[in-house]
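K.L.:
Before I ask anything, let me first share the structure, which is written out below as structure tokens.
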Amino acid sequence: MRVGLDVGGTKTDAVAIDDAGTVVSRVRIATGWGPDAVVATVFEAVRALRGQMDAAWPEFRSVGIGIPGQVVPGTTRVTHAVNLGVDELDLAAAVSPTLGVPVHVENDVKAASLGGYALHGATGRMGYLNLGTGIAAGIVEDGVLMRGRHGTAGEVGHISVDPNGPLCRCGQRGCIEALAGGRSIAERWGRVSALPVLDVFDAADAGDPLATELRNDLAAGAAAAVRVLVLTVDVDTVVLGGGVTNLGTRLLNDIAADLDASATASPFMRSLSLSARVSLLPAGSPAAALGAALLGDARNTEGVLAHG
């Protein structure tokens with residue numbers, strides 16, 4: 001049995017998987033704020049999984065943790081996890097002695113890429129595009145996470161695709177994240193809402209001009225990310241995940257329409273059949289937690305040089 005945790009800004013999703021990679025137990029708990037609370041959250045999640053399972057199940061043999069922020073290549077040290085109140089934390093050093101098993105740590109989107117690959121039943125090379133508060137991607141080939149030599153493979157959110165576009169938090173204009181990130185859309189929408197992106201789609205359907213602009217920008221930004229993934233690393237398919245994808249086919253259809261429209265004048269781009277390569281993970285899929293559990297695979301624990 002292997003455990004995987006997706007430590008998010010407010011909630012932690014935890015799963016236990018068997019040797020076949022099947023999820024046999026899943027729990028969700030609140031995430032604490034600050035380094036000590038994050039460590040306590042890890043312990044609580046593992047205890048909750050054990051308490052949910054029958055005593056006949058074998059002991060856990062590894063724990064994988066997906067976490068927002070930067071994971072220093074080849075280590076289990078997390079830095080700049082600002083949504084968790086963590087400047088720097090070596091998670092394995094903090095929890096492995098108590099848990100008594102190997103602990104693997106990865107950026108949450110990269111972990112979700114592994115989980116998305118398994119959930120999608122993908123083969124070959126797959127790009128996972130996370131559309132959430134921000135935008136990031138991960139690349140998996142034949143079940144192996146491609147980190148890049150410096151661990152930044154798939155960081156597409158801050159590629160500027162429109163120099164006259166909205167200002168991004170990174171200082172550039174027209175970044176993919178500034179167009180399609182949930183935080184950027186909410187800020188540009190400027191109306192109090194629990195689900196601002198959903199409100200934007202509904203208002204666009206009703207003819208609101210600002211909502212229509214924001215919805216079009218979201219589709220354009222996500223479509224640009226798809227083109228980047230296909231044209232730079234030649235992925236076979238792009239799987240969409242993240243909170244924004246709860247919009248389902250409304251979002252998928254918008255992205256496909258943008259991809260098709262942009263290929264109209266280019267026989268080369270049409271030949272790539274980009275819109276046919278894009279699909280959505282089912283809503284509520286435990287992609288990041290599952291991917292974290294799969295980090296125990298030796299192919300994915302070789303550090304920065306794995307498919308670098």
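By convention here, the chains of the structure tokens are called A, B, ... in the order presented, each chain's residues are numbered starting at 1, and ligands are numbered starting at 1 in the order presented.
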Excluding same-chain residues fewer than 5 positions from Ser262 in chain A, what lies within 12 Å of it counting only C-alpha atoms, as number ranges by chain?

P.N.:
A: 219-220, 223-224, 227, 255-257, 267-270, 273-275

K.L.:
Report as a PDB file with N, CA and C atoms, in the first residue's frame all protein, DNA and RNA residues lying within 12 Å of Gly182 in chain A, evaluated on only C-alpha atoms, omitting residues in the same chain fewer than 3 positions from it.

P.N.:
ATOM      1  N   ASN A 130      -2.973  22.343 -15.892  1.00  0.00           N
ATOM      2  CA  ASN A 130      -3.751  22.659 -14.695  1.00  0.00           C
ATOM      3  C   ASN A 130      -4.297  24.081 -14.802  1.00  0.00           C
ATOM      4  N   LEU A 131      -5.628  24.176 -14.895  1.00  0.00           N
ATOM      5  CA  LEU A 131      -6.306  25.457 -14.976  1.00  0.00           C
ATOM      6  C   LEU A 131      -6.956  25.726 -13.630  1.00  0.00           C
ATOM      7  N   GLY A 132      -6.284  26.486 -12.812  1.00  0.00           N
ATOM      8  CA  GLY A 132      -6.796  26.781 -11.481  1.00  0.00           C
ATOM      9  C   GLY A 132      -6.609  28.247 -11.166  1.00  0.00           C
ATOM     10  N   THR A 133      -6.248  28.544  -9.925  1.00  0.00           N
ATOM     11  CA  THR A 133      -5.944  29.919  -9.551  1.00  0.00           C
ATOM     12  C   THR A 133      -4.860  30.480 -10.452  1.00  0.00           C
ATOM     13  N   GLY A 134      -3.856  29.654 -10.723  1.00  0.00           N
ATOM     14  CA  GLY A 134      -2.818  29.967 -11.690  1.00  0.00           C
ATOM     15  C   GLY A 134      -2.817  28.921 -12.794  1.00  0.00           C
ATOM     16  N   ILE A 135      -1.841  29.003 -13.672  1.00  0.00           N
ATOM     17  CA  ILE A 135      -1.734  28.071 -14.792  1.00  0.00           C
ATOM     18  C   ILE A 135      -0.361  27.424 -14.775  1.00  0.00           C
ATOM     19  N   GLY A 157       2.669  29.011 -17.622  1.00  0.00           N
ATOM     20  CA  GLY A 157       1.776  30.095 -17.213  1.00  0.00           C
ATOM     21  C   GLY A 157       2.311  31.481 -17.509  1.00  0.00           C
ATOM     22  N   ILE A 176      -0.140  33.720 -20.333  1.00  0.00           N
ATOM     23  CA  ILE A 176      -1.219  32.736 -20.351  1.00  0.00           C
ATOM     24  C   ILE A 176      -1.984  32.770 -19.036  1.00  0.00           C
ATOM     25  N   GLU A 177      -1.281  32.916 -17.923  1.00  0.00           N
ATOM     26  CA  GLU A 177      -1.951  32.952 -16.622  1.00  0.00           C
ATOM     27  C   GLU A 177      -2.798  34.203 -16.448  1.00  0.00           C
ATOM     28  N   ALA A 178      -2.342  35.332 -16.992  1.00  0.00           N
ATOM     29  CA  ALA A 178      -3.122  36.567 -16.891  1.00  0.00           C
ATOM     30  C   ALA A 178      -4.413  36.476 -17.686  1.00  0.00           C
ATOM     31  N   LEU A 179      -4.414  35.669 -18.739  1.00  0.00           N
ATOM     32  CA  LEU A 179      -5.609  35.484 -19.558  1.00  0.00           C
ATOM     33  C   LEU A 179      -6.540  34.423 -18.988  1.00  0.00           C
ATOM     34  N   ILE A 185      -8.906  36.231 -13.642  1.00  0.00           N
ATOM     35  CA  ILE A 185     -10.280  36.422 -14.114  1.00  0.00           C
ATOM     36  C   ILE A 185     -11.140  37.039 -13.013  1.00  0.00           C
ATOM     37  N   ALA A 186     -10.981  36.549 -11.781  1.00  0.00           N
ATOM     38  CA  ALA A 186     -11.767  37.083 -10.666  1.00  0.00           C
ATOM     39  C   ALA A 186     -11.447  38.553 -10.428  1.00  0.00           C
ATOM     40  N   GLU A 187     -10.152  38.909 -10.502  1.00  0.00           N
ATOM     41  CA  GLU A 187      -9.762  40.304 -10.281  1.00  0.00           C
ATOM     42  C   GLU A 187     -10.291  41.205 -11.390  1.00  0.00           C
ATOM     43  N   ARG A 188     -10.244  40.758 -12.616  1.00  0.00           N
ATOM     44  CA  ARG A 188     -10.737  41.571 -13.731  1.00  0.00           C
ATOM     45  C   ARG A 188     -12.264  41.656 -13.730  1.00  0.00           C
ATOM     46  N   TRP A 189     -12.916  40.624 -13.228  1.00  0.00           N
ATOM     47  CA  TRP A 189     -14.377  40.626 -13.127  1.00  0.00           C
ATOM     48  C   TRP A 189     -14.814  41.620 -12.054  1.00  0.00           C
ATOM     49  N   ALA A 194     -18.575  33.680  -4.912  1.00  0.00           N
ATOM     50  CA  ALA A 194     -17.902  32.468  -4.448  1.00  0.00           C
ATOM     51  C   ALA A 194     -17.301  31.700  -5.618  1.00  0.00           C
ATOM     52  N   LEU A 195     -17.900  31.825  -6.798  1.00  0.00           N
ATOM     53  CA  LEU A 195     -17.440  31.108  -7.994  1.00  0.00           C
ATOM     54  C   LEU A 195     -17.358  32.092  -9.160  1.00  0.00           C
ATOM     55  N   PRO A 196     -16.363  32.972  -9.162  1.00  0.00           N
ATOM     56  CA  PRO A 196     -16.324  34.040 -10.155  1.00  0.00           C
ATOM     57  C   PRO A 196     -16.233  33.553 -11.596  1.00  0.00           C
ATOM     58  N   VAL A 197     -15.490  32.482 -11.858  1.00  0.00           N
ATOM     59  CA  VAL A 197     -15.369  32.032 -13.247  1.00  0.00           C
ATOM     60  C   VAL A 197     -16.708  31.496 -13.749  1.00  0.00           C
ATOM     61  N   LEU A 198     -17.426  30.778 -12.899  1.00  0.00           N
ATOM     62  CA  LEU A 198     -18.761  30.314 -13.277  1.00  0.00           C
ATOM     63  C   LEU A 198     -19.678  31.506 -13.536  1.00  0.00           C
ATOM     64  N   ASP A 199     -19.596  32.511 -12.680  1.00  0.00           N
ATOM     65  CA  ASP A 199     -20.412  33.713 -12.886  1.00  0.00           C
ATOM     66  C   ASP A 199     -20.083  34.378 -14.213  1.00  0.00           C
ATOM     67  N   VAL A 200     -18.798  34.410 -14.568  1.00  0.00           N
ATOM     68  CA  VAL A 200     -18.383  35.002 -15.840  1.00  0.00           C
ATOM     69  C   VAL A 200     -19.006  34.245 -17.010  1.00  0.00           C
ATOM     70  N   LEU A 214     -13.798  38.274 -20.941  1.00  0.00           N
ATOM     71  CA  LEU A 214     -13.051  37.422 -20.023  1.00  0.00           C
ATOM     72  C   LEU A 214     -13.154  35.952 -20.421  1.00  0.00           C
ATOM     73  N   ARG A 215     -14.332  35.540 -20.828  1.00  0.00           N
ATOM     74  CA  ARG A 215     -14.516  34.146 -21.252  1.00  0.00           C
ATOM     75  C   ARG A 215     -13.686  33.853 -22.497  1.00  0.00           C
ATOM     76  N   ASP A 217     -10.949  35.413 -23.353  1.00  0.00           N
ATOM     77  CA  ASP A 217      -9.546  35.404 -22.946  1.00  0.00           C
ATOM     78  C   ASP A 217      -9.163  34.077 -22.305  1.00  0.00           C
ATOM     79  N   LEU A 218     -10.055  33.523 -21.494  1.00  0.00           N
ATOM     80  CA  LEU A 218      -9.773  32.239 -20.861  1.00  0.00           C
ATOM     81  C   LEU A 218      -9.544  31.168 -21.933  1.00  0.00           C
ATOM     82  N   GLY A 221      -6.219  31.862 -23.739  1.00  0.00           N
ATOM     83  CA  GLY A 221      -5.047  31.525 -22.939  1.00  0.00           C
ATOM     84  C   GLY A 221      -4.839  30.029 -22.827  1.00  0.00           C
ATOM     85  N   ALA A 222      -5.914  29.297 -22.557  1.00  0.00           N
ATOM     86  CA  ALA A 222      -5.802  27.837 -22.452  1.00  0.00           C
ATOM     87  C   ALA A 222      -5.410  27.222 -23.789  1.00  0.00           C
ATOM     88  N   GLY A 242      -7.686  20.786 -12.761  1.00  0.00           N
ATOM     89  CA  GLY A 242      -7.725  22.004 -11.977  1.00  0.00           C
ATOM     90  C   GLY A 242      -9.146  22.495 -11.775  1.00  0.00           C
ATOM     91  N   GLY A 243      -9.313  23.413 -10.841  1.00  0.00           N
ATOM     92  CA  GLY A 243     -10.643  23.853 -10.435  1.00  0.00           C
ATOM     93  C   GLY A 243     -11.475  24.448 -11.541  1.00  0.00           C
ATOM     94  N   VAL A 244     -10.857  25.192 -12.470  1.00  0.00           N
ATOM     95  CA  VAL A 244     -11.612  25.833 -13.539  1.00  0.00           C
ATOM     96  C   VAL A 244     -12.295  24.799 -14.435  1.00  0.00           C
ATOM     97  N   THR A 245     -11.737  23.596 -14.504  1.00  0.00           N
ATOM     98  CA  THR A 245     -12.310  22.584 -15.384  1.00  0.00           C
ATOM     99  C   THR A 245     -13.625  22.021 -14.870  1.00  0.00           C
ATOM    100  N   ASN A 246     -14.060  22.442 -13.668  1.00  0.00           N
ATOM    101  CA  ASN A 246     -15.393  22.061 -13.213  1.00  0.00           C
ATOM    102  C   ASN A 246     -16.477  22.616 -14.129  1.00  0.00           C
TER     103      ASN A 246
END

K.L.:
Quick one: of A:Val161, A:Asp258, A:Gly171, A:Leu114, who's nearest to Gly143 in chain A, counting only C-alpha atoms?

P.N.:
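Looking at the shortest contact to Gly143 in chain A, the residue is A:Leu114.
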
K.L.:
Within 8 Å of Asp236 in chain A, counting only C-alpha atoms, which residues show up once you throw out same-chain ones fewer than 3 positions away? Write them as a ChimeraX atom specification, please.

P.N.:
/A:124-127,230,277

K.L.:
Would you export the selected residues with N, CA, C and O atoms as a PDB file, in the first residue's frame, please?

P.N.:
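Saved result, result-v2.pdb, follows:
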ATOM      1  N   GLY A 124       2.293   6.904 -24.253  1.00  0.00           N
ATOM      2  CA  GLY A 124       3.162   7.847 -24.935  1.00  0.00           C
ATOM      3  C   GLY A 124       3.419   9.073 -24.087  1.00  0.00           C
ATOM      4  O   GLY A 124       3.613   8.992 -22.880  1.00  0.00           O
ATOM      5  N   ARG A 125       3.370  10.237 -24.723  1.00  0.00           N
ATOM      6  CA  ARG A 125       3.698  11.501 -24.045  1.00  0.00           C
ATOM      7  C   ARG A 125       2.439  12.334 -23.866  1.00  0.00           C
ATOM      8  O   ARG A 125       1.743  12.644 -24.820  1.00  0.00           O
ATOM      9  N   MET A 126       2.160  12.707 -22.613  1.00  0.00           N
ATOM     10  CA  MET A 126       0.956  13.462 -22.286  1.00  0.00           C
ATOM     11  C   MET A 126       1.322  14.775 -21.595  1.00  0.00           C
ATOM     12  O   MET A 126       2.218  14.813 -20.749  1.00  0.00           O
ATOM     13  N   GLY A 127       0.624  15.851 -21.966  1.00  0.00           N
ATOM     14  CA  GLY A 127       0.730  17.105 -21.244  1.00  0.00           C
ATOM     15  C   GLY A 127      -0.477  17.256 -20.339  1.00  0.00           C
ATOM     16  O   GLY A 127      -1.613  17.026 -20.763  1.00  0.00           O
ATOM     17  N   VAL A 230       2.116  21.221 -27.439  1.00  0.00           N
ATOM     18  CA  VAL A 230       2.234  20.383 -28.632  1.00  0.00           C
ATOM     19  C   VAL A 230       3.444  20.786 -29.479  1.00  0.00           C
ATOM     20  O   VAL A 230       4.212  19.938 -29.946  1.00  0.00           O
ATOM     21  N   ARG A 277      -7.042  16.563 -29.607  1.00  0.00           N
ATOM     22  CA  ARG A 277      -6.070  16.023 -28.659  1.00  0.00           C
ATOM     23  C   ARG A 277      -6.381  16.422 -27.214  1.00  0.00           C
ATOM     24  O   ARG A 277      -5.703  15.974 -26.283  1.00  0.00           O
TER      25      ARG A 277
END

K.L.:
Please extract the residues of range 45-103 of chain A with a backbone DSSP assignment of alpha helix (DSSP H) and present them as a ChimeraX atom specification.

P.N.:
/A:45-52,91-99

K.L.:
Convert the current residue selection to file output with C-alpha atoms, as a PDB file, in the first residue's frame.

P.N.:
ATOM      1  CA  ALA A  45      -4.137  12.591   6.928  1.00  0.00           C
ATOM      2  CA  VAL A  46      -2.108   9.376   7.210  1.00  0.00           C
ATOM      3  CA  ARG A  47      -3.855   8.501  10.488  1.00  0.00           C
ATOM      4  CA  ALA A  48      -7.252   9.179   8.899  1.00  0.00           C
ATOM      5  CA  LEU A  49      -6.490   6.845   6.009  1.00  0.00           C
ATOM      6  CA  ARG A  50      -5.347   4.101   8.373  1.00  0.00           C
ATOM      7  CA  GLY A  51      -8.451   4.552  10.511  1.00  0.00           C
ATOM      8  CA  GLN A  52     -10.693   4.212   7.475  1.00  0.00           C
ATOM      9  CA  LEU A  91       9.008  17.669   4.510  1.00  0.00           C
ATOM     10  CA  ALA A  92      10.698  14.284   4.460  1.00  0.00           C
ATOM     11  CA  ALA A  93      13.040  15.243   7.267  1.00  0.00           C
ATOM     12  CA  ALA A  94      10.055  16.476   9.274  1.00  0.00           C
ATOM     13  CA  VAL A  95       7.729  13.494   8.852  1.00  0.00           C
ATOM     14  CA  SER A  96       9.664  10.422   7.720  1.00  0.00           C
ATOM     15  CA  PRO A  97      11.189   9.544  11.129  1.00  0.00           C
ATOM     16  CA  THR A  98       7.738   9.424  12.709  1.00  0.00           C
ATOM     17  CA  LEU A  99       6.022   7.677   9.796  1.00  0.00           C
TER      18      LEU A  99
END

K.L.:
Would you work out the distance separating CA of Thr76 in chain A from CA of Leu89 in chain A, expressed in Å to one decimal?

P.N.:
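Distance reported for this atom pair: 8.4 Å.
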
K.L.:
Using only C-alpha atoms, which of A:Ser266, A:Pro58, A:Gln70, A:Tyr117 sits nearest His150 in chain A?

P.N.:
A:Gln70

K.L.:
Quick one: residues within 7 Å of Ser25 in chain A, only C-alpha atoms, excluding same-chain residues fewer than 3 positions away - as a VMD selection string?

P.N.:
chain A and resid 15 to 16 49 53

K.L.:
Excluding Gly291 in chain A and its own-chain neighbours fewer than 3 positions away, which residues fall within 7 Å of it when counting only C-alpha atoms? Please give them as a PyMOL selection string.

P.N.:
chain A and resi 111-115+287-288+294-295

K.L.:
Can I get the selected residues back with N, CA and C atoms, as a PDB file, in the first residue's frame?

P.N.:
ATOM      1  N   ALA A 111       2.813  16.374  -9.583  1.00  0.00           N
ATOM      2  CA  ALA A 111       2.180  15.168  -9.040  1.00  0.00           C
ATOM      3  C   ALA A 111       0.865  14.895  -9.752  1.00  0.00           C
ATOM      4  N   ALA A 112       0.069  15.942  -9.978  1.00  0.00           N
ATOM      5  CA  ALA A 112      -1.210  15.772 -10.664  1.00  0.00           C
ATOM      6  C   ALA A 112      -1.010  15.272 -12.092  1.00  0.00           C
ATOM      7  N   SER A 113       0.117  15.623 -12.698  1.00  0.00           N
ATOM      8  CA  SER A 113       0.408  15.134 -14.044  1.00  0.00           C
ATOM      9  C   SER A 113       0.528  13.615 -14.061  1.00  0.00           C
ATOM     10  N   LEU A 114       1.238  13.076 -13.060  1.00  0.00           N
ATOM     11  CA  LEU A 114       1.360  11.619 -12.956  1.00  0.00           C
ATOM     12  C   LEU A 114      -0.008  10.977 -12.722  1.00  0.00           C
ATOM     13  N   GLY A 115      -0.779  11.583 -11.812  1.00  0.00           N
ATOM     14  CA  GLY A 115      -2.100  11.041 -11.530  1.00  0.00           C
ATOM     15  C   GLY A 115      -3.022  11.151 -12.723  1.00  0.00           C
ATOM     16  N   ALA A 287      -6.385  13.531  -8.853  1.00  0.00           N
ATOM     17  CA  ALA A 287      -5.192  13.427  -9.687  1.00  0.00           C
ATOM     18  C   ALA A 287      -3.909  13.682  -8.903  1.00  0.00           C
ATOM     19  N   ALA A 288      -3.864  14.775  -8.132  1.00  0.00           N
ATOM     20  CA  ALA A 288      -2.624  15.116  -7.441  1.00  0.00           C
ATOM     21  C   ALA A 288      -2.301  14.114  -6.339  1.00  0.00           C
ATOM     22  N   LEU A 294       2.002   7.650  -6.498  1.00  0.00           N
ATOM     23  CA  LEU A 294       2.791   6.962  -7.523  1.00  0.00           C
ATOM     24  C   LEU A 294       4.248   7.400  -7.543  1.00  0.00           C
ATOM     25  N   LEU A 295       4.587   8.439  -6.791  1.00  0.00           N
ATOM     26  CA  LEU A 295       5.964   8.926  -6.781  1.00  0.00           C
ATOM     27  C   LEU A 295       6.944   7.883  -6.258  1.00  0.00           C
TER      28      LEU A 295
END

K.L.:
When distances are computed from only C-alpha atoms, which of A:Arg2, A:Arg26, A:His80, A:Lys11 shows the smallest separation from Glu59 in chain A?

P.N.:
A:Arg2

K.L.:
List as a list in words the protein and nucleic acid residues near Gly85 in chain A, meaning an atom at most 10 Å away when only C-alpha atoms are counted, but skip any in the same chain fewer than 5 places from it.

P.N.:
Gly9, Gly32, Trp33, Gly34, Pro35, Asp36, Ala37, Val38 and His80 of chain A

K.L.:
Output as JSON, numbers by chain all residues of range 103-218 of chain A that backbone DSSP marks as strand (DSSP E or B).

P.N.:
{"A": [103, 104, 105, 106, 107, 125, 126, 127, 128, 129, 130, 131, 135, 136, 137, 138, 139, 140, 141, 144, 145, 146, 160, 167, 173, 175]}

K.L.:
Which is closest to Tyr128 in chain A among A:Gly64, A:Gly100, A:Gly154, A:Gly148, if we use only C-alpha atoms?

P.N.:
A:Gly154

K.L.:
Would you kindly return, as a PyMOL selection string, each protein, DNA or RNA residue with an atom no farther than 10 Å from any atom of Gly66 in chain A, considering only C-alpha atoms and excluding same-chain residues fewer than 5 positions away?

P.N.:
chain A and resi 4-8+12-13+71+104-112+288-293+295

K.L.:
Name the closest residue to Asn300 in chain A among the candidates A:Arg147, A:Arg250, A:His120, A:Arg183; distances are taken between atoms, counting only C-alpha atoms.

P.N.:
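Using only C-alpha atoms, the shortest distance to Asn300 in chain A belongs to A:Arg147.
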
K.L.:
When you draw a straight line from CA of Ile65 in chain A to CA of Asp87 in chain A, how long is it in Å?

P.N.:
16.9 Å
